[in-house]
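Peer 1: Submitted below is the structure of interest, expressed as structure tokens.
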Amino acid sequence: MEFIKNLTYLDIERFVLDLGYEKFRAKQIWFAIYRNRVNSFEEIQTLPKSLRKELSNNFYINSIVSNRLEKASDGTIKFLFKFKNGSAAESVFIPWDKGLKERKTLCVSSQIGCALACSFCATGKLGLKRNLTPSEIIDQIFECEKIIGTRLTNIVFMGMGEPLQNFRTLVQVLNVLTDEDCKLFSRKNITVSTSGIVPKIYDLAKIERPVKLAISLHSTDEELRKKLMPIAKKWNLKEIREAAINYYRTTKLPITYEYILFDGLNDSEIDAKRLAKFARAVPSKVNIIPFHRIDFVELDDFQKQLKPSSFEKIIQFKNVLKSEGVRAFIRSSSGYEINGACGQLAFANYKQFVQCE
Ligand code: SAH
Ligand code: SF4
């Protein structure tokens, strides 16, 4: 048995044609899954009974078997989704309501764990357990919508894992989310965050309906960046800058730079000015992220030195960026109290629930 959401539209077309049905049956199946969100193939009354049976014999619809959730007082909800294929991943729902502007964002995971071992990130501590499948990523979104009882408006690939290291799956998922017939999400409301996998940034720029890109920078000092993010030994800042310029030129979408502020390490005025110079290369904004402590995992000596900058320092840093002509925002630490903020996803509270190996 396979999961139907692991199939592309062309795969479904091939499936129905091989069985001797007309091509348009593929569209009916596609709409039933992605628009109408059927829970069983029997519900697709427009299909011949024999085809419904073939589908039921070959495919599952949902790859998630159960969930747990934790709510924070700010409305953030952390989900732990357990998959039929074993193991689990976390997603975080972040509501944002400013009068007329309302956003319902889900931060999805693309992998279980992550191979890149950034020193400040709890997910990195897990190592890479496995890539998630298209179905497992899409189902995080569909299950969340079912639970909260409404449609999401924004998707950010900022949960567990490095999305560009699960590239084929990512592209397949983006094709579904931005599908012009189903209209699940506007491509401008989807953001893929990467630690800087340079060749894949070039590849992502070339997909049919590109989405927004966020690059985790965290330092404009090459040596510090290498300490914070081992992947920086492979691709340096100059290469990242060129990839960002190319991404903007190809897609016409502004770049977001993510920058965690660590006390005394990367939060000086000089740091802010260097970051501004870096960011000005193309239309962009900087998201300043307060460092979220990850004391619940075992830390080495360098990690023990990492401390969040003070609130005053964060404001100062932002003001320097602004005075240098760069749009800068302080990312709210939604879900901090439930270890659901950026970088904290590592099943901290679910040891018994999750069998990850
Ligand atoms: N692997 C991708 C996406 C997942 S991490 C990436 O690294 O960009 C999403 C964001 O959370 C990244 O910007 C990452 O740097 C940030 N992050 C990781 N650990 C964090 C922590 N402890 N505190 C604050 N932000 C963190
Ligand atoms: Fe992986 Fe991103 Fe965490 Fe680094 S910050 S370990 S790339 S998930």
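By order of appearance in the structure tokens: chains A, B, ..., then residues from 1 within every chain, and ligands from 1 in the order shown.
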Enumerate as a PyMOL selection string the residues within 7 Å of ligand 2, counting only C-alpha atoms and all ligand atoms.
Peer 2: chain A and resi 114-118+121-124+159-162+194-195+229+343
Peer 1: Keeping only N, CA and C atoms, write the selected residues as a PDB file, in the first residue's frame.
Peer 2:
ATOM      1  N   CYS A 114      17.753  16.444  11.983  1.00  0.00           N
ATOM      2  CA  CYS A 114      18.454  17.203  10.938  1.00  0.00           C
ATOM      3  C   CYS A 114      19.925  16.827  11.006  1.00  0.00           C
ATOM      4  N   ALA A 115      20.544  16.716   9.840  1.00  0.00           N
ATOM      5  CA  ALA A 115      21.944  16.282   9.799  1.00  0.00           C
ATOM      6  C   ALA A 115      22.915  17.424  10.048  1.00  0.00           C
ATOM      7  N   LEU A 116      22.431  18.671  10.053  1.00  0.00           N
ATOM      8  CA  LEU A 116      23.370  19.789   9.947  1.00  0.00           C
ATOM      9  C   LEU A 116      23.951  20.283  11.273  1.00  0.00           C
ATOM     10  N   ALA A 117      23.365  19.827  12.363  1.00  0.00           N
ATOM     11  CA  ALA A 117      23.976  20.022  13.677  1.00  0.00           C
ATOM     12  C   ALA A 117      24.371  21.452  14.019  1.00  0.00           C
ATOM     13  N   CYS A 118      23.509  22.413  13.727  1.00  0.00           N
ATOM     14  CA  CYS A 118      23.798  23.788  14.160  1.00  0.00           C
ATOM     15  C   CYS A 118      23.853  23.792  15.686  1.00  0.00           C
ATOM     16  N   CYS A 121      20.616  24.639  17.904  1.00  0.00           N
ATOM     17  CA  CYS A 121      19.314  24.091  17.521  1.00  0.00           C
ATOM     18  C   CYS A 121      19.083  22.704  18.120  1.00  0.00           C
ATOM     19  N   ALA A 122      17.955  22.542  18.776  1.00  0.00           N
ATOM     20  CA  ALA A 122      17.649  21.264  19.417  1.00  0.00           C
ATOM     21  C   ALA A 122      17.425  20.159  18.389  1.00  0.00           C
ATOM     22  N   THR A 123      16.816  20.506  17.258  1.00  0.00           N
ATOM     23  CA  THR A 123      16.572  19.482  16.223  1.00  0.00           C
ATOM     24  C   THR A 123      17.896  18.893  15.742  1.00  0.00           C
ATOM     25  N   GLY A 124      18.889  19.776  15.598  1.00  0.00           N
ATOM     26  CA  GLY A 124      20.200  19.342  15.129  1.00  0.00           C
ATOM     27  C   GLY A 124      20.824  18.310  16.056  1.00  0.00           C
ATOM     28  N   GLY A 159      10.145  24.150  10.631  1.00  0.00           N
ATOM     29  CA  GLY A 159      10.055  23.176  11.722  1.00  0.00           C
ATOM     30  C   GLY A 159      11.320  22.348  11.772  1.00  0.00           C
ATOM     31  N   MET A 160      11.157  21.053  11.989  1.00  0.00           N
ATOM     32  CA  MET A 160      12.343  20.204  12.066  1.00  0.00           C
ATOM     33  C   MET A 160      12.899  19.973  10.666  1.00  0.00           C
ATOM     34  N   GLY A 161      14.226  20.044  10.569  1.00  0.00           N
ATOM     35  CA  GLY A 161      14.871  19.625   9.328  1.00  0.00           C
ATOM     36  C   GLY A 161      15.269  20.737   8.394  1.00  0.00           C
ATOM     37  N   GLU A 162      16.118  20.356   7.443  1.00  0.00           N
ATOM     38  CA  GLU A 162      16.593  21.291   6.420  1.00  0.00           C
ATOM     39  C   GLU A 162      15.850  20.955   5.122  1.00  0.00           C
ATOM     40  N   THR A 194      16.237  28.029   4.754  1.00  0.00           N
ATOM     41  CA  THR A 194      17.419  27.167   4.608  1.00  0.00           C
ATOM     42  C   THR A 194      18.611  27.726   5.367  1.00  0.00           C
ATOM     43  N   SER A 195      19.454  26.799   5.794  1.00  0.00           N
ATOM     44  CA  SER A 195      20.679  27.209   6.479  1.00  0.00           C
ATOM     45  C   SER A 195      21.749  27.629   5.461  1.00  0.00           C
ATOM     46  N   MET A 229      27.253  27.137  12.720  1.00  0.00           N
ATOM     47  CA  MET A 229      26.606  26.288  11.715  1.00  0.00           C
ATOM     48  C   MET A 229      27.674  25.546  10.924  1.00  0.00           C
ATOM     49  N   GLY A 343      13.673  26.307  16.532  1.00  0.00           N
ATOM     50  CA  GLY A 343      14.850  25.565  16.956  1.00  0.00           C
ATOM     51  C   GLY A 343      14.637  24.681  18.166  1.00  0.00           C
TER      52      GLY A 343
END
Peer 1: Show me, as a list in words, the residues that have an atom within 8 Å of Leu213 in chain A when counting only C-alpha atoms, minus same-chain residues fewer than 5 positions from it.
Peer 2: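 Neighbouring residues, sequence-local ones excluded: Thr191, Val192, Ser193, Thr194, Leu253, Pro254, Ile255 and Thr256 of chain A.
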Peer 1: Keeping C-alpha atoms, export the residues of the selection given above as a CSV table (one decimal), in the first residue's frame.
Peer 2:
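Writing done, so here's part-v4.csv:
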chain,number,residue,atom,x,y,z
A,191,THR,CA,8.4,30.5,2.9
A,192,VAL,CA,11.1,27.9,2.7
A,193,SER,CA,13.9,28.4,5.2
A,194,THR,CA,17.4,27.2,4.6
A,253,LEU,CA,10.6,37.7,-4.6
A,254,PRO,CA,12.4,39.6,-1.7
A,255,ILE,CA,14.7,37.5,0.5
A,256,THR,CA,14.3,37.2,4.2
Peer 1: Pick the closest to Phe24 in chain A from A:Thr105, A:Leu228, A:Phe81, A:Leu47: which is it, counting only C-alpha atoms?
Peer 2: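 Of all the options, A:Leu47 lies closest to Phe24 in chain A.
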Peer 1: Using only C-alpha atoms, pick whichever of A:Ile190, A:Leu7, A:Ala232, A:Val92 has the shortest atom-to-atom distance to Thr169 in chain A.
Peer 2: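 Ranking A:Ile190, A:Leu7, A:Ala232, A:Val92 by distance to Thr169 in chain A, first place goes to A:Leu7.
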Peer 1: List the spatial neighbours of Glu222 in chain A as a PyMOL selection string - criterion: any atom at most 9 Å away, only C-alpha atoms, same-chain residues fewer than 6 positions off excluded.
Peer 2: chain A and resi 232-233+236-237
Peer 1: Store the residues picked out above, limited to C-alpha atoms, as a PDB file, in the first residue's frame.
Peer 2:
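Saved as result_33.pdb:
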ATOM      1  CA  ALA A 232      29.150  27.199   6.705  1.00  0.00           C
ATOM      2  CA  LYS A 233      32.409  25.294   6.146  1.00  0.00           C
ATOM      3  CA  ASN A 236      30.735  30.690   2.519  1.00  0.00           C
ATOM      4  CA  LEU A 237      28.972  34.026   2.861  1.00  0.00           C
TER       5      LEU A 237
END
Peer 1: Counting only C-alpha atoms and all ligand atoms, which of A:Phe120, A:Phe142, A:Tyr247, A:Trp235 gets nearest to ligand 1?
Peer 2: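 Once distances to ligand 1 are computed over only C-alpha atoms and all ligand atoms, the minimum belongs to A:Phe120.
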Peer 1: In Å, with one decimal, what is the gap from CA of Gly325 in chain A to CA of Phe278 in chain A?
Peer 2: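 So the two atoms, CA of Gly325 in chain A and CA of Phe278 in chain A, lie 11.8 Å apart.
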Peer 1: I need the residue nearest ligand 1 from this list: A:Thr178, A:Ser219, A:Gln316, A:Gln28. Use only C-alpha atoms and all ligand atoms for the distance.
Peer 2: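 So, comparing all the options, the nearest one is A:Ser219.
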Peer 1: Val108 in chain A: which residues within 9 Å, counting only C-alpha atoms, same-chain residues fewer than 3 positions away excluded, as a list of chain:residue names?
Peer 2: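 The residues satisfying every condition are A:Ala89, A:Glu90, A:Ser91, A:Val92, A:Phe93, A:Ile137, A:Ile138, A:Gln140, A:Ile141, A:Ile155, A:Val156, A:Phe157, A:Met158, A:Gly159, A:Met160.
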Peer 1: Can you list, as a ChimeraX atom specification, every residue of range 38-207 of chain A that DSSP puts in strand (DSSP E)?
Peer 2: /A:59-60,64-71,77-83,88-98,101-107,111-113,128-131,154-157,190-194
Peer 1: One number please: CA of Ala205 in chain A to atom 13 (O, counted along the ligand's line) of ligand 1, in Å, one decimal.
Peer 2: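 Taking CA of Ala205 in chain A as the start and atom 13 (O, counted along the ligand's line) of ligand 1 as the end point, the length is 19.2 Å.
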Peer 1: Could you give me the residues within range 65-310 of chain A that DSSP places in helix (DSSP H, G or I), as a PyMOL selection string?
Peer 2: chain A and resi 122-126+134-148+163-165+167-177+187-189+198-205+222-228+230-233+237-251+269-279+301-305
Peer 1: So how far away is CA of Glu2 in chain A from CA of Val16 in chain A, in Å?
Peer 2: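 Distance between the two atoms: 15.1 Å.
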Peer 1: Hey, which of A:Ile77, A:Pro134, A:Ile231, A:Leu100 ends up closest to Ile4 in chain A? Count only C-alpha atoms.
Peer 2: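 Going through A:Ile77, A:Pro134, A:Ile231, A:Leu100 one by one, the smallest distance to Ile4 in chain A is for A:Pro134.
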Peer 1: So, counting only C-alpha atoms, which residue among A:Leu69, A:Ile94, A:Leu177, A:Ala328 is closest to Glu143 in chain A?
Peer 2: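 Of A:Leu69, A:Ile94, A:Leu177, A:Ala328, the one nearest Glu143 in chain A, counting only C-alpha atoms, is A:Leu69.
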